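Participant: Below is a structure I'd like to ask you about.
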Amino acid sequence: MDDFRVLEKLTYVHLKPEGEICNRLPRGTRVHLVQKKGDWTKIVWRNGKKKGWIPSFPEK
């Protein structure tokens, strides 16, 4: 699942699916989608230095 997306709205990032919130990303942040697990998607940003889980993107 090597895919880049640009966030369309403020998004909260979780440490684990349905876990604690660890970050929030502003609109326009470019993220790399790494893994999908149910309704959650694992992302990385800042060239892979930061990572976390967000609710899934709708499919294109």
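Each chain of the structure tokens is named A, B, ... in the order shown, its residues numbered from 1; ligands are numbered from 1 in display order.
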Excluding range 30-38 of chain A and any residue of its chain fewer than 2 positions from it, enumerate the residues within 6 Å of it, using only C-alpha atoms, and give them as a PyMOL selection string.

Facilitator: chain A and resi 1+3-6+40-45

Participant: Write out the residues from the selection above, keeping N, CA and C atoms, as a PDB file, in the first residue's frame.

Facilitator:
```pdb
ATOM      1  N   MET A   1       0.849  -1.184   0.000  1.00  0.00           N
ATOM      2  CA  MET A   1       0.000   0.000   0.000  1.00  0.00           C
ATOM      3  C   MET A   1       0.887   1.238   0.000  1.00  0.00           C
ATOM      4  N   ASP A   3       1.208   4.683  -1.026  1.00  0.00           N
ATOM      5  CA  ASP A   3       0.340   5.718  -1.548  1.00  0.00           C
ATOM      6  C   ASP A   3       0.521   6.990  -0.719  1.00  0.00           C
ATOM      7  N   PHE A   4       0.540   8.145  -1.384  1.00  0.00           N
ATOM      8  CA  PHE A   4       0.595   9.428  -0.698  1.00  0.00           C
ATOM      9  C   PHE A   4      -0.761  10.099  -0.793  1.00  0.00           C
ATOM     10  N   ARG A   5      -1.147  10.798   0.252  1.00  0.00           N
ATOM     11  CA  ARG A   5      -2.377  11.575   0.251  1.00  0.00           C
ATOM     12  C   ARG A   5      -2.104  12.904   0.943  1.00  0.00           C
ATOM     13  N   VAL A   6      -2.928  13.884   0.631  1.00  0.00           N
ATOM     14  CA  VAL A   6      -2.882  15.187   1.302  1.00  0.00           C
ATOM     15  C   VAL A   6      -4.145  15.278   2.139  1.00  0.00           C
ATOM     16  N   TRP A  40      -9.036   1.426  10.094  1.00  0.00           N
ATOM     17  CA  TRP A  40      -7.909   2.292  10.422  1.00  0.00           C
ATOM     18  C   TRP A  40      -6.803   2.162   9.390  1.00  0.00           C
ATOM     19  N   THR A  41      -6.060   3.250   9.200  1.00  0.00           N
ATOM     20  CA  THR A  41      -4.928   3.276   8.274  1.00  0.00           C
ATOM     21  C   THR A  41      -3.695   3.774   9.009  1.00  0.00           C
ATOM     22  N   LYS A  42      -2.579   3.047   8.869  1.00  0.00           N
ATOM     23  CA  LYS A  42      -1.311   3.480   9.459  1.00  0.00           C
ATOM     24  C   LYS A  42      -0.637   4.434   8.495  1.00  0.00           C
ATOM     25  N   ILE A  43      -0.173   5.578   9.018  1.00  0.00           N
ATOM     26  CA  ILE A  43       0.460   6.595   8.179  1.00  0.00           C
ATOM     27  C   ILE A  43       1.826   6.958   8.743  1.00  0.00           C
ATOM     28  N   VAL A  44       2.665   7.521   7.885  1.00  0.00           N
ATOM     29  CA  VAL A  44       3.913   8.145   8.302  1.00  0.00           C
ATOM     30  C   VAL A  44       3.978   9.507   7.635  1.00  0.00           C
ATOM     31  N   TRP A  45       4.639  10.448   8.295  1.00  0.00           N
ATOM     32  CA  TRP A  45       4.839  11.776   7.723  1.00  0.00           C
ATOM     33  C   TRP A  45       6.187  12.279   8.190  1.00  0.00           C
TER      34      TRP A  45
END
```

Participant: Please identify all polymer residues within 7 Å of Lys9 in chain A, counting only C-alpha atoms, omitting same-chain residues fewer than 2 positions from it, and present them as a ChimeraX atom specification.

Facilitator: /A:7,11,26-27

Participant: Kindly export the residues of the current selection with C-alpha atoms, as a compact mmCIF listing (two decimals), in the first residue's frame.

Facilitator:
```txt
# COMPACT_ATOMS: atom_id res chain seq x y z
CA LEU A 7 -5.13 15.65 4.32
CA THR A 11 -6.86 14.96 11.61
CA PRO A 26 -3.30 20.28 9.98
CA ARG A 27 -5.07 20.41 6.65
```

Participant: Residues near Cys22 in chain A, anyone? I mean within 10 Å using only C-alpha atoms, not counting same-chain ones fewer than 2 positions away, as an mmCIF file with C-alpha atoms, in the first residue's frame.

Facilitator:
```cif
data_model
loop_
_atom_site.group_PDB
_atom_site.id
_atom_site.type_symbol
_atom_site.label_atom_id
_atom_site.label_comp_id
_atom_site.auth_asym_id
_atom_site.auth_seq_id
_atom_site.Cartn_x
_atom_site.Cartn_y
_atom_site.Cartn_z
ATOM 1 C CA TYR A 12 -6.072 13.404 14.980
ATOM 2 C CA VAL A 13 -3.385 10.698 14.957
ATOM 3 C CA HIS A 14 -3.525 7.766 17.392
ATOM 4 C CA LEU A 15 -0.686 5.582 18.726
ATOM 5 C CA LYS A 16 -2.728 2.415 18.005
ATOM 6 C CA GLY A 19 -5.801 4.131 21.142
ATOM 7 C CA GLU A 20 -4.478 7.297 22.721
ATOM 8 C CA ARG A 24 -2.897 16.230 15.222
ATOM 9 C CA LYS A 51 3.969 7.552 12.478
ATOM 10 C CA GLY A 52 0.514 6.711 13.773
ATOM 11 C CA TRP A 53 -2.999 5.513 12.959
#
```

Participant: Which residues in chain A does DSSP call strand (DSSP E)? List them as a ChimeraX atom specification.

Facilitator: /A:3-6,11-14,21-25,30-37,40-45,50-55

Participant: Restricted to N, CA and C atoms, what would the selected residues look like written as an mmCIF file, in the first residue's frame?

Facilitator:
```cif
data_model
loop_
_atom_site.group_PDB
_atom_site.id
_atom_site.type_symbol
_atom_site.label_atom_id
_atom_site.label_comp_id
_atom_site.auth_asym_id
_atom_site.auth_seq_id
_atom_site.Cartn_x
_atom_site.Cartn_y
_atom_site.Cartn_z
ATOM 1 N N ASP A 3 1.208 4.683 -1.026
ATOM 2 C CA ASP A 3 0.340 5.718 -1.548
ATOM 3 C C ASP A 3 0.521 6.990 -0.719
ATOM 4 N N PHE A 4 0.540 8.145 -1.384
ATOM 5 C CA PHE A 4 0.595 9.428 -0.698
ATOM 6 C C PHE A 4 -0.761 10.099 -0.793
ATOM 7 N N ARG A 5 -1.147 10.798 0.252
ATOM 8 C CA ARG A 5 -2.377 11.575 0.251
ATOM 9 C C ARG A 5 -2.104 12.904 0.943
ATOM 10 N N VAL A 6 -2.928 13.884 0.631
ATOM 11 C CA VAL A 6 -2.882 15.187 1.302
ATOM 12 C C VAL A 6 -4.145 15.278 2.139
ATOM 13 N N THR A 11 -6.735 16.376 11.300
ATOM 14 C CA THR A 11 -6.861 14.955 11.611
ATOM 15 C C THR A 11 -6.087 14.626 12.879
ATOM 16 N N TYR A 12 -6.729 13.870 13.765
ATOM 17 C CA TYR A 12 -6.072 13.404 14.980
ATOM 18 C C TYR A 12 -5.408 12.065 14.705
ATOM 19 N N VAL A 13 -4.175 11.902 15.179
ATOM 20 C CA VAL A 13 -3.385 10.698 14.957
ATOM 21 C C VAL A 13 -3.312 9.937 16.281
ATOM 22 N N HIS A 14 -3.517 8.625 16.212
ATOM 23 C CA HIS A 14 -3.525 7.766 17.392
ATOM 24 C C HIS A 14 -2.282 6.879 17.401
ATOM 25 N N ILE A 21 -4.591 9.467 21.597
ATOM 26 C CA ILE A 21 -4.240 10.464 20.584
ATOM 27 C C ILE A 21 -2.834 10.973 20.878
ATOM 28 N N CYS A 22 -1.977 10.958 19.854
ATOM 29 C CA CYS A 22 -0.589 11.389 20.066
ATOM 30 C C CYS A 22 -0.228 12.651 19.286
ATOM 31 N N ASN A 23 -0.981 12.982 18.253
ATOM 32 C CA ASN A 23 -0.680 14.150 17.424
ATOM 33 C C ASN A 23 -1.941 14.627 16.741
ATOM 34 N N ARG A 24 -1.851 15.795 16.139
ATOM 35 C CA ARG A 24 -2.897 16.230 15.222
ATOM 36 C C ARG A 24 -2.205 16.888 14.047
ATOM 37 N N LEU A 25 -2.698 16.600 12.880
ATOM 38 C CA LEU A 25 -2.082 17.102 11.658
ATOM 39 C C LEU A 25 -3.006 18.113 11.009
ATOM 40 N N ARG A 30 1.015 16.259 3.906
ATOM 41 C CA ARG A 30 1.194 15.120 3.012
ATOM 42 C C ARG A 30 1.594 13.907 3.834
ATOM 43 N N VAL A 31 0.823 12.813 3.719
ATOM 44 C CA VAL A 31 1.091 11.602 4.495
ATOM 45 C C VAL A 31 1.255 10.416 3.553
ATOM 46 N N HIS A 32 2.013 9.443 4.021
ATOM 47 C CA HIS A 32 2.266 8.208 3.278
ATOM 48 C C HIS A 32 1.473 7.099 3.949
ATOM 49 N N LEU A 33 0.566 6.443 3.206
ATOM 50 C CA LEU A 33 -0.240 5.354 3.747
ATOM 51 C C LEU A 33 0.593 4.083 3.736
ATOM 52 N N VAL A 34 0.693 3.413 4.881
ATOM 53 C CA VAL A 34 1.572 2.258 5.028
ATOM 54 C C VAL A 34 0.787 0.956 5.119
ATOM 55 N N GLN A 35 -0.230 0.913 5.970
ATOM 56 C CA GLN A 35 -0.938 -0.332 6.262
ATOM 57 C C GLN A 35 -2.397 -0.027 6.547
ATOM 58 N N LYS A 36 -3.272 -0.983 6.245
ATOM 59 C CA LYS A 36 -4.682 -0.835 6.537
ATOM 60 C C LYS A 36 -5.099 -1.967 7.465
ATOM 61 N N LYS A 37 -5.880 -1.642 8.511
ATOM 62 C CA LYS A 37 -6.336 -2.641 9.468
ATOM 63 C C LYS A 37 -7.766 -2.296 9.856
ATOM 64 N N TRP A 40 -9.036 1.426 10.094
ATOM 65 C CA TRP A 40 -7.909 2.292 10.422
ATOM 66 C C TRP A 40 -6.803 2.162 9.390
ATOM 67 N N THR A 41 -6.060 3.250 9.200
ATOM 68 C CA THR A 41 -4.928 3.276 8.274
ATOM 69 C C THR A 41 -3.695 3.774 9.009
ATOM 70 N N LYS A 42 -2.579 3.047 8.869
ATOM 71 C CA LYS A 42 -1.311 3.480 9.459
ATOM 72 C C LYS A 42 -0.637 4.434 8.495
ATOM 73 N N ILE A 43 -0.173 5.578 9.018
ATOM 74 C CA ILE A 43 0.460 6.595 8.179
ATOM 75 C C ILE A 43 1.826 6.958 8.743
ATOM 76 N N VAL A 44 2.665 7.521 7.885
ATOM 77 C CA VAL A 44 3.913 8.145 8.302
ATOM 78 C C VAL A 44 3.978 9.507 7.635
ATOM 79 N N TRP A 45 4.639 10.448 8.295
ATOM 80 C CA TRP A 45 4.839 11.776 7.723
ATOM 81 C C TRP A 45 6.187 12.279 8.190
ATOM 82 N N LYS A 50 7.796 10.328 11.779
ATOM 83 C CA LYS A 50 6.608 10.283 12.626
ATOM 84 C C LYS A 50 5.647 9.256 12.057
ATOM 85 N N LYS A 51 4.918 8.544 12.952
ATOM 86 C CA LYS A 51 3.969 7.552 12.478
ATOM 87 C C LYS A 51 2.804 7.448 13.442
ATOM 88 N N GLY A 52 1.696 6.894 12.947
ATOM 89 C CA GLY A 52 0.514 6.711 13.773
ATOM 90 C C GLY A 52 -0.631 6.164 12.955
ATOM 91 N N TRP A 53 -1.793 6.069 13.588
ATOM 92 C CA TRP A 53 -2.999 5.513 12.959
ATOM 93 C C TRP A 53 -4.092 6.573 12.887
ATOM 94 N N ILE A 54 -4.818 6.586 11.767
ATOM 95 C CA ILE A 54 -5.963 7.492 11.598
ATOM 96 C C ILE A 54 -7.135 6.683 11.068
ATOM 97 N N PRO A 55 -8.374 7.177 11.276
ATOM 98 C CA PRO A 55 -9.517 6.507 10.650
ATOM 99 C C PRO A 55 -9.312 6.487 9.139
#
```
